[in-house]
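Reviewing the structure listed below.
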Amino acid sequence: MNLQKQTIVVTGGARRLGRAIAFACAGAGANVVITFNTSESAARQTLEDLRAAFPGSRFDALQADLSQSGQVAQLADKVRLNFDPIFGLVNNAAIFRRTPFETLSERDFDDHIAANLKAPFLLCKAFGDIFLANGRGAIVNIADIHGLRPLKNYVPYCVSKAGLIMLTQAMAKALAPGVRVNCICPGTILLPSEAQGEPPNDEDYGDDEDSLIARVPLKRLGTAEEIAATVMFLLAGPQFVSGAVLPVDGAEHLR
């Protein structure tokens, strides 16, 4: 798929899924801007690795707290001034914390909504305005199958991802016909310990990797590269796809 000299913004692009998405976009010829909040060291390393692997393209890593409208506006202005024309936005940055009901707090709820729903909204608005002015653009939101099927001990996370799914569908209407907006719902790609620094030792996840695999009809975990390939399909593939909510989960959502 060809994104030659198009600019793609990947939030949370320093690590894990975001890094894989950034490399997939660069491999298709895109200029890529990744964002980070506190992961500056990882972001600088990813930036260095992108520049080494794809010397013909342009890259940058920009810091911002994406839940703050002023910082999102500054980010959009920087990218527009230095990387126009901008074609794509991938809302990947998120937080994922175990929040059992017994200890669930208002702060837990606010943190998840701010990072996982408010931030994508602000970014869709800021970059959506740019895309509308340019006459074209594509947005891909990274949600989660647990925005469709909730987990007991992750209420704020699940609620925030359910909201992101609806935000995708609402924005697909609001930004049409010039801008396409789609959503990917990954299943188990990273082990919970990789995603949040905790062992998968609760009733949601079971005790080990085998218990996670057992609940996936395809009997394996997914990969970051598979999510990145799906992002590429939605950015550079058929241009008649908008408002889609696409599980990439080995059919786990059918449990």
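Residues in the structure tokens are numbered from 1 in each chain, the chains being A, B, ... in the order shown, and ligands are numbered from 1 in the order shown.
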
Picked from range 3-248 of chain A by DSSP as helix (DSSP H, G or I), as an mmCIF file with N, CA and C atoms, in the first residue's frame:
data_model
loop_
_atom_site.group_PDB
_atom_site.id
_atom_site.type_symbol
_atom_site.label_atom_id
_atom_site.label_comp_id
_atom_site.auth_asym_id
_atom_site.auth_seq_id
_atom_site.Cartn_x
_atom_site.Cartn_y
_atom_site.Cartn_z
ATOM 1 N N ARG A 16 5.391 -0.365 21.548
ATOM 2 C CA ARG A 16 4.344 -1.369 21.383
ATOM 3 C C ARG A 16 3.592 -1.174 20.058
ATOM 4 N N LEU A 17 2.263 -1.119 20.120
ATOM 5 C CA LEU A 17 1.473 -1.031 18.897
ATOM 6 C C LEU A 17 1.799 0.232 18.115
ATOM 7 N N GLY A 18 1.983 1.339 18.817
ATOM 8 C CA GLY A 18 2.258 2.591 18.134
ATOM 9 C C GLY A 18 3.533 2.548 17.315
ATOM 10 N N ARG A 19 4.555 1.940 17.871
ATOM 11 C CA ARG A 19 5.820 1.812 17.138
ATOM 12 C C ARG A 19 5.632 0.959 15.887
ATOM 13 N N ALA A 20 4.912 -0.150 16.001
ATOM 14 C CA ALA A 20 4.666 -1.001 14.837
ATOM 15 C C ALA A 20 3.879 -0.257 13.760
ATOM 16 N N ILE A 21 2.909 0.547 14.187
ATOM 17 C CA ILE A 21 2.120 1.330 13.231
ATOM 18 C C ILE A 21 2.994 2.370 12.541
ATOM 19 N N ALA A 22 3.836 3.042 13.300
ATOM 20 C CA ALA A 22 4.724 4.040 12.710
ATOM 21 C C ALA A 22 5.643 3.416 11.664
ATOM 22 N N PHE A 23 6.191 2.242 11.959
ATOM 23 C CA PHE A 23 7.080 1.576 11.007
ATOM 24 C C PHE A 23 6.318 1.106 9.773
ATOM 25 N N ALA A 24 5.082 0.657 9.945
ATOM 26 C CA ALA A 24 4.295 0.233 8.786
ATOM 27 C C ALA A 24 4.011 1.420 7.871
ATOM 28 N N CYS A 25 3.672 2.563 8.448
ATOM 29 C CA CYS A 25 3.423 3.758 7.638
ATOM 30 C C CYS A 25 4.691 4.197 6.910
ATOM 31 N N ALA A 26 5.810 4.184 7.624
ATOM 32 C CA ALA A 26 7.077 4.563 6.998
ATOM 33 C C ALA A 26 7.437 3.598 5.877
ATOM 34 N N GLY A 27 7.146 2.318 6.075
ATOM 35 C CA GLY A 27 7.429 1.330 5.041
ATOM 36 C C GLY A 27 6.622 1.547 3.787
ATOM 37 N N GLU A 40 9.735 9.917 26.693
ATOM 38 C CA GLU A 40 10.635 10.627 25.789
ATOM 39 C C GLU A 40 11.785 9.749 25.318
ATOM 40 N N SER A 41 12.375 8.973 26.198
ATOM 41 C CA SER A 41 13.517 8.148 25.813
ATOM 42 C C SER A 41 13.122 7.143 24.732
ATOM 43 N N ALA A 42 11.995 6.471 24.925
ATOM 44 C CA ALA A 42 11.531 5.505 23.921
ATOM 45 C C ALA A 42 11.181 6.202 22.617
ATOM 46 N N ALA A 43 10.596 7.394 22.700
ATOM 47 C CA ALA A 43 10.233 8.136 21.490
ATOM 48 C C ALA A 43 11.475 8.530 20.699
ATOM 49 N N ARG A 44 12.513 8.986 21.401
ATOM 50 C CA ARG A 44 13.741 9.379 20.703
ATOM 51 C C ARG A 44 14.402 8.167 20.048
ATOM 52 N N GLN A 45 14.328 7.017 20.711
ATOM 53 C CA GLN A 45 14.894 5.811 20.123
ATOM 54 C C GLN A 45 14.113 5.389 18.882
ATOM 55 N N THR A 46 12.795 5.441 18.956
ATOM 56 C CA THR A 46 11.977 5.106 17.789
ATOM 57 C C THR A 46 12.252 6.074 16.646
ATOM 58 N N LEU A 47 12.390 7.351 16.961
ATOM 59 C CA LEU A 47 12.700 8.349 15.937
ATOM 60 C C LEU A 47 14.033 8.040 15.269
ATOM 61 N N GLU A 48 15.027 7.711 16.063
ATOM 62 C CA GLU A 48 16.342 7.357 15.518
ATOM 63 C C GLU A 48 16.249 6.114 14.637
ATOM 64 N N ASP A 49 15.482 5.110 15.079
ATOM 65 C CA ASP A 49 15.351 3.877 14.315
ATOM 66 C C ASP A 49 14.608 4.111 12.994
ATOM 67 N N LEU A 50 13.591 4.958 13.005
ATOM 68 C CA LEU A 50 12.863 5.273 11.772
ATOM 69 C C LEU A 50 13.779 5.978 10.776
ATOM 70 N N ARG A 51 14.534 6.931 11.249
ATOM 71 C CA ARG A 51 15.426 7.676 10.350
ATOM 72 C C ARG A 51 16.499 6.778 9.757
ATOM 73 N N ALA A 52 16.975 5.825 10.543
ATOM 74 C CA ALA A 52 17.987 4.898 10.029
ATOM 75 C C ALA A 52 17.406 3.936 9.005
ATOM 76 N N ALA A 53 16.180 3.489 9.239
ATOM 77 C CA ALA A 53 15.572 2.487 8.360
ATOM 78 C C ALA A 53 15.005 3.082 7.080
ATOM 79 N N SER A 69 -6.552 20.654 25.526
ATOM 80 C CA SER A 69 -6.899 21.214 24.215
ATOM 81 C C SER A 69 -5.818 22.161 23.697
ATOM 82 N N GLY A 70 -5.225 22.953 24.583
ATOM 83 C CA GLY A 70 -4.191 23.873 24.135
ATOM 84 C C GLY A 70 -2.981 23.153 23.570
ATOM 85 N N GLN A 71 -2.575 22.065 24.213
ATOM 86 C CA GLN A 71 -1.424 21.312 23.727
ATOM 87 C C GLN A 71 -1.736 20.584 22.423
ATOM 88 N N VAL A 72 -2.967 20.115 22.274
ATOM 89 C CA VAL A 72 -3.359 19.473 21.016
ATOM 90 C C VAL A 72 -3.347 20.505 19.885
ATOM 91 N N ALA A 73 -3.836 21.707 20.148
ATOM 92 C CA ALA A 73 -3.826 22.757 19.129
ATOM 93 C C ALA A 73 -2.403 23.100 18.713
ATOM 94 N N GLN A 74 -1.496 23.204 19.688
ATOM 95 C CA GLN A 74 -0.097 23.489 19.370
ATOM 96 C C GLN A 74 0.522 22.358 18.553
ATOM 97 N N LEU A 75 0.196 21.116 18.921
ATOM 98 C CA LEU A 75 0.696 19.966 18.169
ATOM 99 C C LEU A 75 0.234 20.025 16.728
ATOM 100 N N ALA A 76 -1.058 20.252 16.522
ATOM 101 C CA ALA A 76 -1.602 20.299 15.158
ATOM 102 C C ALA A 76 -0.950 21.418 14.354
ATOM 103 N N ASP A 77 -0.731 22.580 14.978
ATOM 104 C CA ASP A 77 -0.090 23.691 14.273
ATOM 105 C C ASP A 77 1.337 23.340 13.865
ATOM 106 N N LYS A 78 2.096 22.700 14.771
ATOM 107 C CA LYS A 78 3.471 22.316 14.455
ATOM 108 C C LYS A 78 3.519 21.347 13.278
ATOM 109 N N VAL A 79 2.648 20.356 13.314
ATOM 110 C CA VAL A 79 2.649 19.365 12.236
ATOM 111 C C VAL A 79 2.229 20.022 10.925
ATOM 112 N N ARG A 80 1.203 20.859 10.972
ATOM 113 C CA ARG A 80 0.729 21.517 9.748
ATOM 114 C C ARG A 80 1.812 22.402 9.143
ATOM 115 N N LEU A 81 2.526 23.134 9.978
ATOM 116 C CA LEU A 81 3.540 24.053 9.473
ATOM 117 C C LEU A 81 4.745 23.317 8.880
ATOM 118 N N ASN A 82 5.094 22.167 9.453
ATOM 119 C CA ASN A 82 6.330 21.483 9.064
ATOM 120 C C ASN A 82 6.130 20.268 8.172
ATOM 121 N N PHE A 83 4.902 19.727 8.125
ATOM 122 C CA PHE A 83 4.702 18.460 7.424
ATOM 123 C C PHE A 83 3.506 18.463 6.474
ATOM 124 N N PHE A 101 -13.647 -2.886 41.407
ATOM 125 C CA PHE A 101 -14.714 -2.025 41.898
ATOM 126 C C PHE A 101 -14.495 -1.610 43.347
ATOM 127 N N GLU A 102 -13.932 -2.480 44.138
ATOM 128 C CA GLU A 102 -13.744 -2.199 45.559
ATOM 129 C C GLU A 102 -12.854 -0.978 45.801
ATOM 130 N N THR A 103 -11.941 -0.733 44.907
ATOM 131 C CA THR A 103 -11.016 0.396 45.069
ATOM 132 C C THR A 103 -11.169 1.440 43.962
ATOM 133 N N GLU A 106 -13.046 8.053 41.554
ATOM 134 C CA GLU A 106 -13.379 9.057 40.544
ATOM 135 C C GLU A 106 -12.150 9.395 39.702
ATOM 136 N N ARG A 107 -10.997 9.439 40.328
ATOM 137 C CA ARG A 107 -9.756 9.739 39.600
ATOM 138 C C ARG A 107 -9.481 8.673 38.543
ATOM 139 N N ASP A 108 -9.715 7.395 38.874
ATOM 140 C CA ASP A 108 -9.540 6.329 37.884
ATOM 141 C C ASP A 108 -10.410 6.580 36.659
ATOM 142 N N PHE A 109 -11.665 6.920 36.923
ATOM 143 C CA PHE A 109 -12.597 7.163 35.821
ATOM 144 C C PHE A 109 -12.147 8.362 34.986
ATOM 145 N N ASP A 110 -11.839 9.458 35.656
ATOM 146 C CA ASP A 110 -11.437 10.672 34.941
ATOM 147 C C ASP A 110 -10.173 10.446 34.114
ATOM 148 N N ASP A 111 -9.201 9.723 34.667
ATOM 149 C CA ASP A 111 -7.945 9.482 33.950
ATOM 150 C C ASP A 111 -8.200 8.716 32.654
ATOM 151 N N HIS A 112 -9.020 7.659 32.720
ATOM 152 C CA HIS A 112 -9.280 6.851 31.526
ATOM 153 C C HIS A 112 -10.080 7.627 30.481
ATOM 154 N N ILE A 113 -11.071 8.361 30.916
ATOM 155 C CA ILE A 113 -11.859 9.147 29.963
ATOM 156 C C ILE A 113 -10.994 10.214 29.299
ATOM 157 N N ALA A 114 -10.148 10.872 30.090
ATOM 158 C CA ALA A 114 -9.296 11.928 29.532
ATOM 159 C C ALA A 114 -8.335 11.379 28.484
ATOM 160 N N ALA A 115 -7.658 10.278 28.806
ATOM 161 C CA ALA A 115 -6.638 9.735 27.901
ATOM 162 C C ALA A 115 -7.235 8.987 26.717
ATOM 163 N N ASN A 116 -8.300 8.238 26.960
ATOM 164 C CA ASN A 116 -8.788 7.287 25.953
ATOM 165 C C ASN A 116 -9.967 7.790 25.142
ATOM 166 N N LEU A 117 -10.617 8.865 25.590
ATOM 167 C CA LEU A 117 -11.779 9.372 24.860
ATOM 168 C C LEU A 117 -11.681 10.867 24.578
ATOM 169 N N LYS A 118 -11.409 11.663 25.616
ATOM 170 C CA LYS A 118 -11.295 13.108 25.381
ATOM 171 C C LYS A 118 -10.150 13.426 24.432
ATOM 172 N N ALA A 119 -8.997 12.811 24.642
ATOM 173 C CA ALA A 119 -7.840 13.089 23.778
ATOM 174 C C ALA A 119 -8.130 12.747 22.317
ATOM 175 N N PRO A 120 -8.659 11.557 21.991
ATOM 176 C CA PRO A 120 -8.998 11.293 20.593
ATOM 177 C C PRO A 120 -10.008 12.285 20.026
ATOM 178 N N PHE A 121 -10.979 12.716 20.856
ATOM 179 C CA PHE A 121 -11.923 13.730 20.374
ATOM 180 C C PHE A 121 -11.198 15.015 19.998
ATOM 181 N N LEU A 122 -10.338 15.503 20.896
ATOM 182 C CA LEU A 122 -9.617 16.743 20.613
ATOM 183 C C LEU A 122 -8.765 16.611 19.352
ATOM 184 N N LEU A 123 -8.133 15.470 19.188
ATOM 185 C CA LEU A 123 -7.297 15.241 18.009
ATOM 186 C C LEU A 123 -8.139 15.140 16.741
ATOM 187 N N CYS A 124 -9.270 14.447 16.820
ATOM 188 C CA CYS A 124 -10.165 14.368 15.656
ATOM 189 C C CYS A 124 -10.628 15.762 15.239
ATOM 190 N N LYS A 125 -10.924 16.601 16.227
ATOM 191 C CA LYS A 125 -11.365 17.966 15.903
ATOM 192 C C LYS A 125 -10.240 18.775 15.295
ATOM 193 N N ALA A 126 -9.070 18.763 15.930
ATOM 194 C CA ALA A 126 -7.968 19.591 15.441
ATOM 195 C C ALA A 126 -7.494 19.155 14.060
ATOM 196 N N PHE A 127 -7.261 17.856 13.890
ATOM 197 C CA PHE A 127 -6.770 17.383 12.595
ATOM 198 C C PHE A 127 -7.910 17.251 11.591
ATOM 199 N N GLY A 128 -9.128 17.008 12.072
ATOM 200 C CA GLY A 128 -10.268 16.999 11.163
ATOM 201 C C GLY A 128 -10.440 18.334 10.465
ATOM 202 N N ASP A 129 -10.237 19.431 11.193
ATOM 203 C CA ASP A 129 -10.306 20.754 10.568
ATOM 204 C C ASP A 129 -9.250 20.896 9.473
ATOM 205 N N ILE A 130 -8.047 20.387 9.726
ATOM 206 C CA ILE A 130 -6.984 20.438 8.713
ATOM 207 C C ILE A 130 -7.355 19.588 7.510
ATOM 208 N N PHE A 131 -7.847 18.390 7.760
ATOM 209 C CA PHE A 131 -8.210 17.502 6.658
ATOM 210 C C PHE A 131 -9.326 18.105 5.809
ATOM 211 N N LEU A 132 -10.322 18.704 6.469
ATOM 212 C CA LEU A 132 -11.418 19.321 5.718
ATOM 213 C C LEU A 132 -10.895 20.469 4.852
ATOM 214 N N ALA A 133 -9.959 21.246 5.391
ATOM 215 C CA ALA A 133 -9.380 22.341 4.608
ATOM 216 C C ALA A 133 -8.591 21.815 3.416
ATOM 217 N N ASN A 134 -7.938 20.653 3.614
ATOM 218 C CA ASN A 134 -7.165 20.044 2.524
ATOM 219 C C ASN A 134 -8.048 19.285 1.541
ATOM 220 N N ILE A 145 -11.681 -4.696 21.848
ATOM 221 C CA ILE A 145 -12.895 -5.510 21.877
ATOM 222 C C ILE A 145 -13.614 -5.386 23.210
ATOM 223 N N HIS A 146 -12.902 -4.914 24.245
ATOM 224 C CA HIS A 146 -13.554 -4.754 25.536
ATOM 225 C C HIS A 146 -14.315 -3.435 25.637
ATOM 226 N N GLY A 147 -14.344 -2.685 24.541
ATOM 227 C CA GLY A 147 -15.342 -1.641 24.381
ATOM 228 C C GLY A 147 -16.657 -2.215 23.899
ATOM 229 N N VAL A 155 -13.559 -1.322 34.555
ATOM 230 C CA VAL A 155 -14.748 -0.562 34.163
ATOM 231 C C VAL A 155 -14.410 0.745 33.450
ATOM 232 N N PRO A 156 -13.582 1.641 34.011
ATOM 233 C CA PRO A 156 -13.314 2.893 33.302
ATOM 234 C C PRO A 156 -12.652 2.675 31.941
ATOM 235 N N TYR A 157 -11.750 1.706 31.858
ATOM 236 C CA TYR A 157 -11.112 1.423 30.578
ATOM 237 C C TYR A 157 -12.145 1.004 29.540
ATOM 238 N N CYS A 158 -13.009 0.073 29.906
ATOM 239 C CA CYS A 158 -14.009 -0.425 28.960
ATOM 240 C C CYS A 158 -14.971 0.676 28.535
ATOM 241 N N VAL A 159 -15.394 1.498 29.482
ATOM 242 C CA VAL A 159 -16.294 2.601 29.163
ATOM 243 C C VAL A 159 -15.627 3.584 28.203
ATOM 244 N N SER A 160 -14.363 3.886 28.439
ATOM 245 C CA SER A 160 -13.664 4.829 27.566
ATOM 246 C C SER A 160 -13.532 4.291 26.151
ATOM 247 N N LYS A 161 -13.286 2.992 26.008
ATOM 248 C CA LYS A 161 -13.147 2.414 24.672
ATOM 249 C C LYS A 161 -14.494 2.267 23.974
ATOM 250 N N ALA A 162 -15.560 2.023 24.742
ATOM 251 C CA ALA A 162 -16.903 2.028 24.154
ATOM 252 C C ALA A 162 -17.224 3.421 23.617
ATOM 253 N N GLY A 163 -16.845 4.443 24.371
ATOM 254 C CA GLY A 163 -17.044 5.807 23.896
ATOM 255 C C GLY A 163 -16.258 6.102 22.637
ATOM 256 N N LEU A 164 -15.047 5.554 22.537
ATOM 257 C CA LEU A 164 -14.230 5.772 21.343
ATOM 258 C C LEU A 164 -14.866 5.138 20.112
ATOM 259 N N ILE A 165 -15.505 3.996 20.298
ATOM 260 C CA ILE A 165 -16.216 3.371 19.182
ATOM 261 C C ILE A 165 -17.334 4.282 18.691
ATOM 262 N N MET A 166 -18.123 4.836 19.604
ATOM 263 C CA MET A 166 -19.194 5.751 19.205
ATOM 264 C C MET A 166 -18.635 7.044 18.627
ATOM 265 N N LEU A 167 -17.525 7.539 19.192
ATOM 266 C CA LEU A 167 -16.892 8.731 18.626
ATOM 267 C C LEU A 167 -16.509 8.486 17.172
ATOM 268 N N THR A 168 -15.991 7.308 16.875
ATOM 269 C CA THR A 168 -15.631 6.961 15.501
ATOM 270 C C THR A 168 -16.835 7.082 14.583
ATOM 271 N N GLN A 169 -17.943 6.496 14.982
ATOM 272 C CA GLN A 169 -19.122 6.494 14.125
ATOM 273 C C GLN A 169 -19.696 7.898 13.971
ATOM 274 N N ALA A 170 -19.699 8.673 15.059
ATOM 275 C CA ALA A 170 -20.212 10.036 14.974
ATOM 276 C C ALA A 170 -19.315 10.915 14.098
ATOM 277 N N MET A 171 -17.998 10.770 14.253
ATOM 278 C CA MET A 171 -17.072 11.563 13.453
ATOM 279 C C MET A 171 -17.106 11.158 11.980
ATOM 280 N N ALA A 172 -17.385 9.883 11.707
ATOM 281 C CA ALA A 172 -17.490 9.446 10.308
ATOM 282 C C ALA A 172 -18.602 10.200 9.598
ATOM 283 N N LYS A 173 -19.670 10.495 10.324
ATOM 284 C CA LYS A 173 -20.750 11.301 9.745
ATOM 285 C C LYS A 173 -20.389 12.783 9.715
ATOM 286 N N ALA A 174 -19.816 13.269 10.808
ATOM 287 C CA ALA A 174 -19.544 14.699 10.910
ATOM 288 C C ALA A 174 -18.517 15.171 9.892
ATOM 289 N N PRO A 192 -1.300 -8.857 29.442
ATOM 290 C CA PRO A 192 -1.581 -7.790 30.397
ATOM 291 C C PRO A 192 -0.340 -7.289 31.114
ATOM 292 N N SER A 193 0.596 -8.171 31.417
ATOM 293 C CA SER A 193 1.822 -7.747 32.092
ATOM 294 C C SER A 193 2.641 -6.806 31.218
ATOM 295 N N GLU A 194 2.584 -6.984 29.892
ATOM 296 C CA GLU A 194 3.291 -6.103 28.979
ATOM 297 C C GLU A 194 2.572 -4.762 28.841
ATOM 298 N N ALA A 195 1.247 -4.800 28.909
ATOM 299 C CA ALA A 195 0.467 -3.600 28.685
ATOM 300 C C ALA A 195 0.405 -2.711 29.917
ATOM 301 N N GLN A 196 0.420 -3.294 31.114
ATOM 302 C CA GLN A 196 0.176 -2.481 32.289
ATOM 303 C C GLN A 196 1.120 -2.759 33.446
ATOM 304 N N GLU A 209 -0.476 -17.293 30.045
ATOM 305 C CA GLU A 209 -0.687 -17.088 28.620
ATOM 306 C C GLU A 209 -1.587 -18.169 28.024
ATOM 307 N N ASP A 210 -1.472 -19.394 28.489
ATOM 308 C CA ASP A 210 -2.287 -20.474 27.952
ATOM 309 C C ASP A 210 -3.777 -20.210 28.151
ATOM 310 N N SER A 211 -4.127 -19.636 29.303
ATOM 311 C CA SER A 211 -5.543 -19.354 29.554
ATOM 312 C C SER A 211 -6.053 -18.248 28.645
ATOM 313 N N LEU A 212 -5.188 -17.318 28.285
ATOM 314 C CA LEU A 212 -5.572 -16.280 27.334
ATOM 315 C C LEU A 212 -5.808 -16.869 25.949
ATOM 316 N N ILE A 213 -4.905 -17.721 25.514
ATOM 317 C CA ILE A 213 -5.019 -18.326 24.189
ATOM 318 C C ILE A 213 -6.242 -19.218 24.097
ATOM 319 N N ALA A 214 -6.589 -19.889 25.195
ATOM 320 C CA ALA A 214 -7.699 -20.833 25.176
ATOM 321 C C ALA A 214 -9.020 -20.177 24.825
ATOM 322 N N ALA A 224 1.447 -7.159 17.025
ATOM 323 C CA ALA A 224 1.407 -5.728 16.728
ATOM 324 C C ALA A 224 1.436 -5.484 15.229
ATOM 325 N N GLU A 225 2.150 -6.338 14.515
ATOM 326 C CA GLU A 225 2.239 -6.171 13.053
ATOM 327 C C GLU A 225 0.895 -6.397 12.382
ATOM 328 N N GLU A 226 0.060 -7.266 12.950
ATOM 329 C CA GLU A 226 -1.275 -7.479 12.380
ATOM 330 C C GLU A 226 -2.177 -6.267 12.595
ATOM 331 N N ILE A 227 -2.043 -5.623 13.739
ATOM 332 C CA ILE A 227 -2.780 -4.388 13.958
ATOM 333 C C ILE A 227 -2.283 -3.311 12.997
ATOM 334 N N ALA A 228 -0.971 -3.207 12.835
ATOM 335 C CA ALA A 228 -0.407 -2.214 11.923
ATOM 336 C C ALA A 228 -0.864 -2.441 10.492
ATOM 337 N N ALA A 229 -0.935 -3.706 10.073
ATOM 338 C CA ALA A 229 -1.398 -4.006 8.720
ATOM 339 C C ALA A 229 -2.856 -3.595 8.535
ATOM 340 N N THR A 230 -3.656 -3.736 9.589
ATOM 341 C CA THR A 230 -5.053 -3.322 9.507
ATOM 342 C C THR A 230 -5.162 -1.802 9.433
ATOM 343 N N VAL A 231 -4.318 -1.112 10.188
ATOM 344 C CA VAL A 231 -4.271 0.348 10.071
ATOM 345 C C VAL A 231 -3.952 0.756 8.650
ATOM 346 N N MET A 232 -2.986 0.092 8.037
ATOM 347 C CA MET A 232 -2.612 0.413 6.659
ATOM 348 C C MET A 232 -3.783 0.194 5.704
ATOM 349 N N PHE A 233 -4.520 -0.886 5.904
ATOM 350 C CA PHE A 233 -5.697 -1.156 5.071
ATOM 351 C C PHE A 233 -6.696 0.003 5.172
ATOM 352 N N LEU A 234 -6.921 0.505 6.379
ATOM 353 C CA LEU A 234 -7.909 1.561 6.563
ATOM 354 C C LEU A 234 -7.395 2.926 6.105
ATOM 355 N N LEU A 235 -6.077 3.138 6.139
ATOM 356 C CA LEU A 235 -5.525 4.392 5.652
ATOM 357 C C LEU A 235 -5.435 4.419 4.132
ATOM 358 N N ALA A 236 -4.891 3.358 3.559
ATOM 359 C CA ALA A 236 -4.504 3.401 2.155
ATOM 360 C C ALA A 236 -5.272 2.423 1.277
#

Give me, as a compact mmCIF listing (two decimals) with N, CA and C atoms, in the first residue's frame, the residues of range 23-131 of chain A that a backbone DSSP run labels strand (DSSP E or B).
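Result file is result-v6.txt:
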# COMPACT_ATOMS: atom_id res chain seq x y z
N ASN A 31 5.77 10.09 5.54
CA ASN A 31 6.41 10.85 6.59
C ASN A 31 5.60 10.63 7.86
N VAL A 32 6.26 10.44 9.00
CA VAL A 32 5.54 10.05 10.21
C VAL A 32 5.93 10.96 11.37
N VAL A 33 4.91 11.45 12.06
CA VAL A 33 5.11 12.19 13.31
C VAL A 33 4.52 11.34 14.43
N ILE A 34 5.34 10.98 15.40
CA ILE A 34 4.84 10.26 16.56
C ILE A 34 4.71 11.23 17.73
N THR A 35 3.78 10.95 18.62
CA THR A 35 3.64 11.77 19.82
C THR A 35 3.95 10.93 21.05
N PHE A 36 4.34 11.63 22.10
CA PHE A 36 4.58 10.98 23.39
C PHE A 36 4.23 11.97 24.48
N PHE A 59 10.68 12.42 9.64
CA PHE A 59 10.08 11.95 10.88
C PHE A 59 10.29 12.98 11.98
N ASP A 60 9.40 12.95 12.96
CA ASP A 60 9.59 13.77 14.14
C ASP A 60 8.86 13.12 15.31
N ALA A 61 9.25 13.49 16.52
CA ALA A 61 8.59 13.04 17.75
C ALA A 61 8.27 14.28 18.56
N LEU A 62 7.00 14.48 18.89
CA LEU A 62 6.55 15.69 19.56
C LEU A 62 5.87 15.33 20.88
N GLN A 63 6.20 16.08 21.92
CA GLN A 63 5.62 15.84 23.23
C GLN A 63 4.33 16.63 23.39
N ILE A 86 -0.97 16.93 5.46
CA ILE A 86 -1.19 15.83 6.39
C ILE A 86 -2.35 14.99 5.86
N PHE A 87 -2.16 13.68 5.83
CA PHE A 87 -3.21 12.81 5.30
C PHE A 87 -3.89 11.99 6.37
N GLY A 88 -3.14 11.53 7.40
CA GLY A 88 -3.73 10.56 8.31
C GLY A 88 -3.41 10.83 9.77
N LEU A 89 -4.34 10.38 10.62
CA LEU A 89 -4.18 10.44 12.07
C LEU A 89 -4.54 9.07 12.63
N VAL A 90 -3.65 8.51 13.46
CA VAL A 90 -3.93 7.25 14.14
C VAL A 90 -3.95 7.53 15.64
N ASN A 91 -5.14 7.44 16.23
CA ASN A 91 -5.30 7.66 17.67
C ASN A 91 -5.03 6.35 18.40
N THR A 99 -8.73 -1.77 37.61
CA THR A 99 -9.43 -0.93 38.58
C THR A 99 -10.59 -1.72 39.19

May I ask for the distance between CA of Val179 in chain A and CA of Gly56 in chain A, given in Å to one decimal place?
->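 Distance reported for this atom pair: 27.2 Å.
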
Between CA of Leu148 in chain A and CA of Leu221 in chain A, distance in Å (one decimal) = 18.6 Å

For Gln68 in chain A, which residue out of A:Ala244, A:Gly135, A:Leu175, A:Asn37 is the nearest one, using only C-alpha atoms?
->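 Among A:Ala244, A:Gly135, A:Leu175, A:Asn37, it is A:Asn37 that comes nearest to Gln68 in chain A.
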